[in-house]
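Structure data follow from model27.cif (mmCIF, C-alpha atoms):
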```
data_start
loop_
_atom_site.group_PDB
_atom_site.id
_atom_site.type_symbol
_atom_site.label_atom_id
_atom_site.label_comp_id
_atom_site.auth_asym_id
_atom_site.auth_seq_id
_atom_site.Cartn_x
_atom_site.Cartn_y
_atom_site.Cartn_z
ATOM 1 C CA MET M 1 233.224 -32.096 -149.476
ATOM 2 C CA THR M 2 230.765 -33.491 -151.996
ATOM 3 C CA ILE M 3 227.030 -32.791 -151.844
ATOM 4 C CA GLN M 4 226.413 -36.500 -151.130
ATOM 5 C CA ARG M 5 228.854 -36.511 -148.180
ATOM 6 C CA ARG M 6 227.338 -33.285 -146.776
ATOM 7 C CA THR M 7 223.876 -34.835 -147.046
ATOM 8 C CA LEU M 8 224.983 -37.999 -145.243
ATOM 9 C CA LEU M 9 226.728 -35.960 -142.542
ATOM 10 C CA ALA M 10 223.633 -33.813 -142.001
ATOM 11 C CA ALA M 11 221.450 -36.901 -141.745
ATOM 12 C CA ALA M 12 223.827 -38.436 -139.217
ATOM 13 C CA CYS M 13 223.721 -35.256 -137.124
ATOM 14 C CA VAL M 14 219.920 -35.193 -137.170
ATOM 15 C CA PHE M 15 219.808 -38.849 -136.115
ATOM 16 C CA ALA M 16 222.310 -38.231 -133.319
ATOM 17 C CA LEU M 17 220.362 -35.230 -132.056
ATOM 18 C CA ALA M 18 217.084 -37.152 -132.171
ATOM 19 C CA SER M 19 218.628 -40.119 -130.391
ATOM 20 C CA GLY M 20 220.148 -37.838 -127.777
ATOM 21 C CA ALA M 21 216.839 -36.064 -127.238
ATOM 22 C CA GLY M 22 215.061 -39.401 -126.865
ATOM 23 C CA ALA M 23 217.633 -40.639 -124.373
ATOM 24 C CA ALA M 24 217.440 -37.382 -122.418
ATOM 25 C CA LEU M 25 213.635 -37.636 -122.319
ATOM 26 C CA ALA M 26 213.774 -41.164 -120.965
ATOM 27 C CA GLN M 27 216.443 -40.268 -118.400
ATOM 28 C CA SER M 28 214.527 -37.229 -117.102
ATOM 29 C CA PHE M 29 211.116 -38.905 -117.101
ATOM 30 C CA PRO M 30 209.007 -37.958 -115.311
ATOM 31 C CA ALA M 31 209.765 -34.246 -115.178
ATOM 32 C CA LYS M 32 206.177 -33.204 -114.438
ATOM 33 C CA PRO M 33 202.937 -34.698 -113.019
ATOM 34 C CA ILE M 34 201.334 -37.659 -114.795
ATOM 35 C CA THR M 35 197.624 -37.837 -115.598
ATOM 36 C CA LEU M 36 195.929 -41.173 -114.929
ATOM 37 C CA ILE M 37 192.602 -41.452 -116.753
ATOM 38 C CA VAL M 38 189.874 -43.517 -115.096
ATOM 39 C CA PRO M 39 187.005 -44.065 -117.581
ATOM 40 C CA ALA M 40 184.406 -44.090 -114.779
ATOM 41 C CA ALA M 41 183.007 -41.788 -112.137
ATOM 42 C CA ALA M 42 184.827 -40.950 -108.917
ATOM 43 C CA GLY M 43 184.015 -43.131 -105.938
ATOM 44 C CA GLY M 44 183.511 -46.343 -107.888
ATOM 45 C CA PRO M 45 185.559 -49.559 -107.688
ATOM 46 C CA THR M 46 187.966 -48.791 -110.532
ATOM 47 C CA ASP M 47 188.513 -45.312 -109.126
ATOM 48 C CA THR M 48 189.429 -46.910 -105.777
ATOM 49 C CA VAL M 49 191.949 -49.270 -107.398
ATOM 50 C CA ALA M 50 193.437 -46.493 -109.521
ATOM 51 C CA ARG M 51 193.880 -44.043 -106.640
ATOM 52 C CA LEU M 52 195.628 -46.598 -104.440
ATOM 53 C CA VAL M 53 198.045 -47.454 -107.252
ATOM 54 C CA ALA M 54 198.516 -43.781 -108.206
ATOM 55 C CA GLU M 55 199.495 -42.834 -104.656
ATOM 56 C CA SER M 56 202.185 -45.495 -104.534
ATOM 57 C CA MET M 57 203.494 -44.774 -108.042
ATOM 58 C CA SER M 58 203.751 -41.071 -107.185
ATOM 59 C CA LYS M 59 206.243 -41.900 -104.435
ATOM 60 C CA THR M 60 208.303 -44.156 -106.696
ATOM 61 C CA LEU M 61 208.379 -41.812 -109.689
ATOM 62 C CA GLY M 62 208.912 -38.623 -107.681
ATOM 63 C CA GLN M 63 206.009 -36.893 -109.442
ATOM 64 C CA THR M 64 202.314 -36.699 -108.618
ATOM 65 C CA VAL M 65 200.065 -39.102 -110.515
ATOM 66 C CA LEU M 66 196.776 -37.221 -110.838
ATOM 67 C CA VAL M 67 193.561 -39.185 -111.372
ATOM 68 C CA GLU M 68 191.155 -37.758 -113.965
ATOM 69 C CA ASN M 69 187.701 -39.345 -114.004
ATOM 70 C CA LEU M 70 186.207 -39.454 -117.485
ATOM 71 C CA GLY M 71 183.194 -41.759 -117.440
ATOM 72 C CA GLY M 72 180.496 -42.539 -119.980
ATOM 73 C CA ALA M 73 179.702 -44.971 -122.799
ATOM 74 C CA GLY M 74 180.973 -48.012 -120.936
ATOM 75 C CA GLY M 75 184.453 -46.531 -120.558
ATOM 76 C CA THR M 76 184.994 -45.873 -124.265
ATOM 77 C CA ILE M 77 185.067 -42.074 -123.864
ATOM 78 C CA GLY M 78 187.975 -42.246 -121.445
ATOM 79 C CA MET M 79 189.843 -44.885 -123.428
ATOM 80 C CA ARG M 80 189.411 -42.883 -126.636
ATOM 81 C CA ARG M 81 190.998 -39.902 -124.886
ATOM 82 C CA LEU M 82 193.862 -42.132 -123.774
ATOM 83 C CA ALA M 83 194.374 -43.591 -127.262
ATOM 84 C CA LYS M 84 194.692 -40.088 -128.748
ATOM 85 C CA ALA M 85 197.008 -38.681 -126.052
ATOM 86 C CA ALA M 86 200.692 -38.018 -126.719
ATOM 87 C CA PRO M 87 202.751 -41.211 -126.237
ATOM 88 C CA ASP M 88 205.200 -39.588 -123.836
ATOM 89 C CA GLY M 89 204.277 -41.335 -120.587
ATOM 90 C CA TYR M 90 202.482 -38.339 -119.098
ATOM 91 C CA THR M 91 199.051 -39.808 -119.772
ATOM 92 C CA VAL M 92 198.149 -43.332 -118.676
ATOM 93 C CA GLY M 93 194.870 -45.031 -117.839
ATOM 94 C CA VAL M 94 193.433 -47.719 -115.605
ATOM 95 C CA TRP M 95 190.417 -49.669 -116.809
ATOM 96 C CA HIS M 96 189.073 -53.180 -116.465
ATOM 97 C CA ILE M 97 187.402 -56.111 -118.211
ATOM 98 C CA ALA M 98 185.141 -53.706 -120.137
ATOM 99 C CA HIS M 99 188.132 -52.877 -122.354
ATOM 100 C CA ALA M 100 188.034 -56.482 -123.590
ATOM 101 C CA THR M 101 184.274 -56.568 -124.179
ATOM 102 C CA ALA M 102 183.989 -53.206 -125.949
ATOM 103 C CA PRO M 103 184.678 -54.662 -129.450
ATOM 104 C CA SER M 104 181.693 -57.006 -129.021
ATOM 105 C CA LEU M 105 179.335 -54.263 -127.854
ATOM 106 C CA TYR M 106 180.240 -51.223 -129.969
ATOM 107 C CA ASN M 107 180.052 -51.392 -133.755
ATOM 108 C CA LYS M 108 182.192 -48.305 -134.406
ATOM 109 C CA LEU M 109 184.787 -48.332 -131.661
ATOM 110 C CA PRO M 110 187.231 -45.460 -132.433
ATOM 111 C CA TYR M 111 190.312 -47.486 -131.482
ATOM 112 C CA ASN M 112 191.657 -51.028 -131.507
ATOM 113 C CA VAL M 113 191.707 -52.233 -127.905
ATOM 114 C CA VAL M 114 194.899 -54.271 -128.366
ATOM 115 C CA GLU M 115 196.902 -52.490 -131.050
ATOM 116 C CA ASP M 116 196.287 -48.808 -130.206
ATOM 117 C CA PHE M 117 197.716 -48.956 -126.680
ATOM 118 C CA ASP M 118 200.963 -49.798 -124.947
ATOM 119 C CA HIS M 119 200.318 -52.342 -122.205
ATOM 120 C CA ILE M 120 201.841 -51.273 -118.881
ATOM 121 C CA GLY M 121 200.583 -54.116 -116.689
ATOM 122 C CA ARG M 122 197.726 -55.908 -114.994
ATOM 123 C CA ILE M 123 196.838 -54.819 -111.447
ATOM 124 C CA THR M 124 194.232 -56.999 -109.775
ATOM 125 C CA ASP M 125 191.302 -59.383 -110.341
ATOM 126 C CA VAL M 126 188.270 -58.170 -108.376
ATOM 127 C CA PRO M 127 185.359 -60.493 -107.478
ATOM 128 C CA MET M 128 181.849 -59.121 -107.875
ATOM 129 C CA THR M 129 178.788 -59.297 -105.673
ATOM 130 C CA LEU M 130 175.046 -59.490 -106.264
ATOM 131 C CA VAL M 131 173.481 -56.874 -103.993
ATOM 132 C CA SER M 132 170.171 -55.096 -103.447
ATOM 133 C CA ARG M 133 168.630 -52.107 -101.722
ATOM 134 C CA ALA M 134 168.483 -52.605 -97.967
ATOM 135 C CA ASP M 135 164.691 -52.913 -97.774
ATOM 136 C CA LEU M 136 164.249 -55.554 -100.470
ATOM 137 C CA PRO M 137 161.810 -58.090 -98.953
ATOM 138 C CA VAL M 138 163.867 -61.242 -99.627
ATOM 139 C CA GLY M 139 166.529 -62.992 -97.569
ATOM 140 C CA LYS M 140 168.743 -65.692 -99.080
ATOM 141 C CA VAL M 141 170.174 -65.755 -102.576
ATOM 142 C CA GLU M 142 167.815 -68.596 -103.552
ATOM 143 C CA ASP M 143 164.898 -66.356 -102.550
ATOM 144 C CA LEU M 144 166.341 -63.533 -104.611
ATOM 145 C CA ILE M 145 166.641 -65.741 -107.702
ATOM 146 C CA ASN M 146 163.056 -66.941 -107.324
ATOM 147 C CA TRP M 147 161.921 -63.335 -106.854
ATOM 148 C CA MET M 148 163.789 -62.279 -110.014
ATOM 149 C CA ARG M 149 162.127 -65.032 -112.028
ATOM 150 C CA ARG M 150 158.694 -64.202 -110.624
ATOM 151 C CA GLU M 151 158.801 -60.391 -110.682
ATOM 152 C CA LYS M 152 161.086 -59.881 -113.674
ATOM 153 C CA ASP M 153 158.887 -57.272 -115.389
ATOM 154 C CA LYS M 154 158.917 -55.081 -112.280
ATOM 155 C CA ILE M 155 162.622 -55.290 -111.378
ATOM 156 C CA SER M 156 165.231 -52.647 -112.183
ATOM 157 C CA TYR M 157 169.002 -52.851 -111.845
ATOM 158 C CA GLY M 158 171.721 -50.224 -112.015
ATOM 159 C CA HIS M 159 174.957 -50.441 -113.987
ATOM 160 C CA ALA M 160 177.816 -48.239 -115.151
ATOM 161 C CA GLY M 161 176.922 -48.258 -118.850
ATOM 162 C CA THR M 162 176.911 -50.754 -121.702
ATOM 163 C CA GLY M 163 179.948 -52.999 -121.507
ATOM 164 C CA SER M 164 180.872 -52.052 -117.947
ATOM 165 C CA ALA M 165 181.645 -54.876 -115.518
ATOM 166 C CA SER M 166 178.425 -54.217 -113.607
ATOM 167 C CA HIS M 167 176.441 -54.411 -116.838
ATOM 168 C CA LEU M 168 178.181 -57.543 -118.134
ATOM 169 C CA CYS M 169 177.623 -59.373 -114.860
ATOM 170 C CA MET M 170 173.865 -58.730 -114.983
ATOM 171 C CA VAL M 171 173.653 -59.544 -118.699
ATOM 172 C CA MET M 172 175.265 -62.923 -118.071
ATOM 173 C CA LEU M 173 173.117 -63.596 -115.010
ATOM 174 C CA THR M 174 169.802 -62.726 -116.649
ATOM 175 C CA HIS M 175 170.820 -64.696 -119.746
ATOM 176 C CA GLN M 176 171.417 -67.812 -117.639
ATOM 177 C CA LEU M 177 168.126 -67.280 -115.804
ATOM 178 C CA GLY M 178 166.286 -66.782 -119.087
ATOM 179 C CA ILE M 179 164.796 -63.422 -118.068
ATOM 180 C CA GLN M 180 165.132 -59.745 -118.914
ATOM 181 C CA LEU M 181 165.144 -56.922 -116.376
ATOM 182 C CA THR M 182 165.106 -53.152 -116.784
ATOM 183 C CA GLY M 183 168.657 -51.776 -116.752
ATOM 184 C CA ILE M 184 169.374 -48.213 -115.624
ATOM 185 C CA PRO M 185 172.738 -46.887 -116.894
ATOM 186 C CA TYR M 186 174.910 -44.500 -114.880
ATOM 187 C CA ARG M 187 178.270 -42.867 -115.538
ATOM 188 C CA GLY M 188 179.846 -45.223 -113.020
ATOM 189 C CA THR M 189 178.880 -47.477 -110.136
ATOM 190 C CA GLY M 190 179.829 -44.709 -107.693
ATOM 191 C CA PRO M 191 176.682 -42.703 -108.552
ATOM 192 C CA ALA M 192 174.762 -45.948 -109.071
ATOM 193 C CA MET M 193 175.621 -47.006 -105.525
ATOM 194 C CA ASN M 194 174.300 -43.685 -104.219
ATOM 195 C CA ASP M 195 170.949 -44.381 -105.863
ATOM 196 C CA LEU M 196 170.906 -47.980 -104.626
ATOM 197 C CA LEU M 197 171.472 -46.690 -101.091
ATOM 198 C CA SER M 198 168.436 -44.445 -101.478
ATOM 199 C CA GLY M 199 166.348 -47.265 -102.969
ATOM 200 C CA LYS M 200 165.894 -45.815 -106.461
ATOM 201 C CA PHE M 201 166.369 -49.239 -108.078
ATOM 202 C CA ASP M 202 166.354 -52.835 -106.848
ATOM 203 C CA ILE M 203 169.576 -54.748 -107.481
ATOM 204 C CA MET M 204 173.098 -54.413 -108.809
ATOM 205 C CA CYS M 205 176.100 -56.578 -109.575
ATOM 206 C CA ASP M 206 179.222 -54.706 -108.527
ATOM 207 C CA GLN M 207 182.818 -55.224 -107.498
ATOM 208 C CA THR M 208 183.758 -56.015 -103.901
ATOM 209 C CA THR M 209 185.833 -52.822 -103.863
ATOM 210 C CA ASN M 210 182.551 -50.882 -104.014
ATOM 211 C CA THR M 211 180.238 -53.131 -102.003
ATOM 212 C CA THR M 212 182.196 -54.701 -99.115
ATOM 213 C CA ASN M 213 181.910 -51.773 -96.714
ATOM 214 C CA GLN M 214 178.299 -51.063 -97.643
ATOM 215 C CA ILE M 215 177.342 -54.698 -96.964
ATOM 216 C CA ALA M 216 179.283 -54.754 -93.691
ATOM 217 C CA ASN M 217 177.496 -51.574 -92.543
ATOM 218 C CA GLN M 218 174.126 -53.038 -93.598
ATOM 219 C CA LYS M 219 173.514 -50.143 -95.974
ATOM 220 C CA ILE M 220 172.705 -52.666 -98.728
ATOM 221 C CA LYS M 221 171.969 -56.401 -98.796
ATOM 222 C CA GLY M 222 174.602 -58.811 -100.071
ATOM 223 C CA PHE M 223 173.408 -62.113 -101.553
ATOM 224 C CA ALA M 224 176.249 -63.846 -103.376
ATOM 225 C CA VAL M 225 179.673 -63.483 -104.976
ATOM 226 C CA THR M 226 180.152 -64.088 -108.689
ATOM 227 C CA THR M 227 183.360 -66.114 -108.487
ATOM 228 C CA LYS M 228 183.543 -69.880 -108.024
ATOM 229 C CA ALA M 229 185.202 -69.498 -104.629
ATOM 230 C CA ARG M 230 183.989 -67.498 -101.648
ATOM 231 C CA VAL M 231 185.629 -64.172 -100.849
ATOM 232 C CA SER M 232 187.504 -63.820 -97.554
ATOM 233 C CA SER M 233 186.235 -60.297 -96.886
ATOM 234 C CA LEU M 234 182.624 -61.481 -97.293
ATOM 235 C CA PRO M 235 182.704 -64.986 -95.788
ATOM 236 C CA ASP M 236 178.936 -65.216 -95.284
ATOM 237 C CA LEU M 237 178.110 -64.788 -98.967
ATOM 238 C CA PRO M 238 177.758 -67.988 -101.013
ATOM 239 C CA THR M 239 178.728 -68.248 -104.669
ATOM 240 C CA LEU M 240 176.138 -68.016 -107.422
ATOM 241 C CA ASP M 241 177.470 -71.344 -108.650
ATOM 242 C CA SER M 242 176.569 -73.011 -105.333
ATOM 243 C CA ALA M 243 173.163 -71.317 -105.421
ATOM 244 C CA GLY M 244 172.258 -73.118 -108.622
ATOM 245 C CA ILE M 245 173.641 -70.822 -111.343
ATOM 246 C CA LYS M 246 176.119 -73.480 -112.424
ATOM 247 C CA GLY M 247 179.414 -72.373 -113.901
ATOM 248 C CA PHE M 248 178.847 -68.698 -113.140
ATOM 249 C CA ASP M 249 182.248 -67.054 -112.770
ATOM 250 C CA VAL M 250 182.729 -63.330 -113.455
ATOM 251 C CA SER M 251 185.429 -61.055 -112.053
ATOM 252 C CA ALA M 252 186.636 -57.610 -113.041
ATOM 253 C CA TRP M 253 190.363 -57.601 -113.739
ATOM 254 C CA HIS M 254 192.038 -54.169 -113.864
ATOM 255 C CA ALA M 255 195.080 -53.036 -115.801
ATOM 256 C CA MET M 256 197.077 -49.985 -116.852
ATOM 257 C CA TRP M 257 197.603 -48.797 -120.424
ATOM 258 C CA ALA M 258 199.252 -45.881 -122.222
ATOM 259 C CA PRO M 259 198.960 -44.489 -125.767
ATOM 260 C CA LYS M 260 200.744 -46.534 -128.417
ATOM 261 C CA GLY M 261 204.339 -45.517 -129.095
ATOM 262 C CA LEU M 262 205.902 -44.933 -125.665
ATOM 263 C CA PRO M 263 209.712 -44.738 -125.606
ATOM 264 C CA ALA M 264 210.926 -48.113 -124.340
ATOM 265 C CA ASP M 265 212.677 -46.654 -121.290
ATOM 266 C CA VAL M 266 209.560 -44.705 -120.268
ATOM 267 C CA ALA M 267 207.414 -47.821 -120.567
ATOM 268 C CA THR M 268 209.933 -49.713 -118.428
ATOM 269 C CA LYS M 269 209.857 -47.005 -115.734
ATOM 270 C CA LEU M 270 206.056 -47.034 -115.604
ATOM 271 C CA ASN M 271 205.905 -50.822 -115.310
ATOM 272 C CA ALA M 272 208.625 -50.789 -112.629
ATOM 273 C CA ALA M 273 206.653 -48.223 -110.601
ATOM 274 C CA LEU M 274 203.517 -50.324 -110.993
ATOM 275 C CA LEU M 275 205.347 -53.421 -109.738
ATOM 276 C CA VAL M 276 206.455 -51.486 -106.650
ATOM 277 C CA ALA M 277 202.831 -50.433 -106.067
ATOM 278 C CA LEU M 278 201.653 -54.041 -106.236
ATOM 279 C CA LYS M 279 204.015 -54.878 -103.372
ATOM 280 C CA ASP M 280 203.250 -51.716 -101.381
ATOM 281 C CA ALA M 281 202.017 -52.764 -97.913
ATOM 282 C CA LYS M 282 199.264 -50.134 -97.948
ATOM 283 C CA VAL M 283 197.997 -51.265 -101.349
ATOM 284 C CA VAL M 284 198.058 -54.941 -100.338
ATOM 285 C CA GLU M 285 196.241 -54.191 -97.076
ATOM 286 C CA ARG M 286 193.550 -52.021 -98.675
ATOM 287 C CA PHE M 287 193.025 -54.506 -101.497
ATOM 288 C CA ALA M 288 192.588 -57.330 -98.966
ATOM 289 C CA ALA M 289 189.995 -55.333 -97.036
ATOM 290 C CA LEU M 290 188.096 -54.890 -100.294
ATOM 291 C CA GLY M 291 188.152 -58.567 -101.198
ATOM 292 C CA THR M 292 190.948 -58.625 -103.742
ATOM 293 C CA ALA M 293 194.749 -58.782 -104.053
ATOM 294 C CA PRO M 294 197.466 -57.537 -106.418
ATOM 295 C CA VAL M 295 198.431 -59.901 -109.214
ATOM 296 C CA SER M 296 201.881 -61.508 -109.287
ATOM 297 C CA ALA M 297 204.854 -59.738 -110.845
ATOM 298 C CA GLU M 298 204.778 -62.244 -113.710
ATOM 299 C CA THR M 299 201.096 -61.524 -114.405
ATOM 300 C CA ALA M 300 201.772 -57.779 -114.260
ATOM 301 C CA ARG M 301 204.274 -57.881 -117.143
ATOM 302 C CA PRO M 302 203.274 -55.862 -120.261
ATOM 303 C CA GLU M 303 203.552 -58.944 -122.490
ATOM 304 C CA ALA M 304 201.331 -60.940 -120.137
ATOM 305 C CA LEU M 305 198.682 -58.187 -120.214
ATOM 306 C CA ARG M 306 198.719 -58.056 -124.009
ATOM 307 C CA THR M 307 198.268 -61.838 -124.222
ATOM 308 C CA HIS M 308 195.530 -61.813 -121.579
ATOM 309 C CA LEU M 309 193.652 -58.962 -123.259
ATOM 310 C CA ALA M 310 193.705 -60.628 -126.675
ATOM 311 C CA ALA M 311 192.388 -63.870 -125.146
ATOM 312 C CA GLU M 312 189.646 -61.998 -123.245
ATOM 313 C CA VAL M 313 188.524 -60.158 -126.400
ATOM 314 C CA LYS M 314 188.112 -63.517 -128.129
ATOM 315 C CA ALA M 315 186.402 -65.230 -125.180
ATOM 316 C CA TRP M 316 183.918 -62.437 -124.491
ATOM 317 C CA GLY M 317 183.178 -62.087 -128.194
ATOM 318 C CA ALA M 318 181.935 -65.673 -128.159
ATOM 319 C CA ALA M 319 180.129 -65.312 -124.811
ATOM 320 C CA LEU M 320 178.272 -62.137 -125.797
ATOM 321 C CA LYS M 321 177.249 -63.320 -129.242
ATOM 322 C CA GLY M 322 173.489 -63.311 -129.402
ATOM 323 C CA ILE M 323 173.037 -61.779 -125.961
ATOM 324 C CA ALA M 324 171.051 -58.566 -126.162
ATOM 325 C CA ALA M 325 172.445 -55.672 -124.134
ATOM 326 C CA ASN M 326 169.780 -54.139 -121.903
#
```

Structure encoded using structure tokens:
Amino acid sequence: MTIQRRTLLAAACVFALASGAGAALAQSFPAKPITLIVPAAAGGPTDTVARLVAESMSKTLGQTVLVENLGGAGGTIGMRRLAKAAPDGYTVGVWHIAHATAPSLYNKLPYNVVEDFDHIGRITDVPMTLVSRADLPVGKVEDLINWMRREKDKISYGHAGTGSASHLCMVMLTHQLGIQLTGIPYRGTGPAMNDLLSGKFDIMCDQTTNTTNQIANQKIKGFAVTTKARVSSLPDLPTLDSAGIKGFDVSAWHAMWAPKGLPADVATKLNAALLVALKDAKVVERFAALGTAPVSAETARPEALRTHLAAEVKAWGAALKGIAAN
């Protein structure tokens, strides 16, 4: 046998072994628990969405999906960890609209939000609410807006860090009102909500998944929803658009990503498990109680998420241009 033939034979064997190993990995996946990174504190709205989905996916995949909360820096700490994880399917992450706005708010983002991740699928679009501490001395949303314009220098609001959904909502609102308020950053709206409940700041814009129960139990005041249509779980709250903030429409869509380079079969299994979760009766019921719903199977496709994310990056880049983060 010539040296050239031996070389070709050896290369073929290596390729066959590698292909076989890859196929075996895909067939056995998952063989151990999966870590699901949530780039926000426990107890917040994204944490709620992620844990409901993780519970359902655990049953489908036959392995526990463990949620790891890694908040800070508007979600970029957690997403950086995800981007650098091994692309084997054992580390995934759930984050929201802040992933699309990060390029407009951080000059040295350590990853490309579109290209450095594999897109597993979109989960849900969550409306947001404008809320306040329970003892704020105003009633209707129109009164709140007038109070904000009048007392702007004295008002503080909480948010989950620069670029978070709660921060973006208030940035857009104050921009349209032509005022600036004092923002207080937290590592998530879970801890922010705790401080709002104790009256440590005045107002917050947060997702219905974090505010619905608190409003219903009169622990905080609810004034308006941020979408153009009312929310069924909070039927008494008007829209900001109807209250005079014309065109105001902000929601926090959530999605699942993995590090770039997943084996195709592993990516398919993860998306399939996510699709099952989006039809899970418990998930649908809990989402409805929190003012949201799973997206359609078509919207949850990886390709649809990639297209949506790229469009959102472009749209928010234009919307945030010239708006000072505070």

Exercise for the section: Point out the residue among M:Leu82, M:Ala31, M:Leu52, M:Ala310 with the least atom-to-atom distance to Pro110 (chain M), counting all atoms listed in the file. Expected result: M:Leu82

Practice task
Could you tell me how far CA of Thr64 (chain M) lies from CA of Met256 (chain M), in Å and to one decimal?
Solution key: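 We find that CA of Thr64 (chain M) and CA of Met256 (chain M) lie 16.5 Å from each other.
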
Exercise for the section: Decode the PyMOL selection byres ((chain M and resi 84) around 12) for the given file into explicit residues and return them as number ranges by chain. Expected result: M: 77-83, 85-88, 91-93, 110-112, 116-117, 258-261

Exercise for the section: Find, counting all atoms listed in the file, the residue in M:Ser233, M:Gln63, M:Ser58, M:Thr211 that gets nearest to Leu196 (chain M). Expected result: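 Closest candidate: M:Thr211.
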
Problem - Point-to-point distance from CA of Leu109 (chain M) to CA of Glu68 (chain M), Å rounded to tenths - result: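 Interatomic distance, CA of Leu109 (chain M) to CA of Glu68 (chain M): 21.6 Å.
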
Problem - Hits of the PyMOL selection byres ((chain M and resi 48) around 10) in this structure, as a count of residues only - result: 18

Practice task
Measuring atom to atom with only C-alpha atoms, identify which of M:Ala41, M:Ala300, M:Ile179, M:Leu270 is nearest to Val65 (chain M).
Solution key: M:Leu270

Exercise for the section: Return the single residue from M:Asp280, M:Glu298, M:Glu312, M:Asp236 that is closest to Lys59 (chain M), with distances computed using only C-alpha atoms. Expected result: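 Of all the options, M:Asp280 lies closest to Lys59 (chain M).
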
Please fill the gaps in region 249-262 of chain M so it has N, CA and C atoms, and write that as a compact mmCIF listing (two decimals), keeping the file's coordinate frame.
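New file selection_5.txt:
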```txt
# COMPACT_ATOMS: atom_id res chain seq x y z
N ASP M 249 180.94 -67.49 -113.26
CA ASP M 249 182.25 -67.05 -112.77
C ASP M 249 182.64 -65.77 -113.50
N VAL M 250 182.42 -64.63 -112.86
CA VAL M 250 182.73 -63.33 -113.46
C VAL M 250 183.52 -62.50 -112.45
N SER M 251 184.66 -61.98 -112.88
CA SER M 251 185.43 -61.06 -112.05
C SER M 251 185.88 -59.90 -112.93
N ALA M 252 186.24 -58.81 -112.30
CA ALA M 252 186.64 -57.61 -113.04
C ALA M 252 188.13 -57.36 -112.86
N TRP M 253 188.93 -57.87 -113.82
CA TRP M 253 190.36 -57.60 -113.74
C TRP M 253 190.64 -56.16 -114.18
N HIS M 254 191.65 -55.54 -113.56
CA HIS M 254 192.04 -54.17 -113.86
C HIS M 254 193.47 -54.13 -114.39
N ALA M 255 193.74 -53.16 -115.23
CA ALA M 255 195.08 -53.04 -115.80
C ALA M 255 195.38 -51.59 -116.15
N MET M 256 196.64 -51.33 -116.47
CA MET M 256 197.08 -49.98 -116.85
C MET M 256 197.59 -49.99 -118.29
N TRP M 257 197.17 -48.97 -119.04
CA TRP M 257 197.60 -48.80 -120.42
C TRP M 257 198.11 -47.39 -120.66
N ALA M 258 198.78 -47.20 -121.78
CA ALA M 258 199.25 -45.88 -122.22
C ALA M 258 199.02 -45.79 -123.73
N PRO M 259 199.09 -44.60 -124.31
CA PRO M 259 198.96 -44.49 -125.77
C PRO M 259 200.07 -45.27 -126.47
N LYS M 260 199.77 -45.78 -127.65
CA LYS M 260 200.74 -46.53 -128.42
C LYS M 260 201.93 -45.66 -128.80
N GLY M 261 203.14 -46.21 -128.64
CA GLY M 261 204.34 -45.52 -129.10
C GLY M 261 205.20 -44.94 -128.00
N LEU M 262 205.05 -45.41 -126.76
CA LEU M 262 205.90 -44.93 -125.66
C LEU M 262 207.37 -45.26 -125.93
```
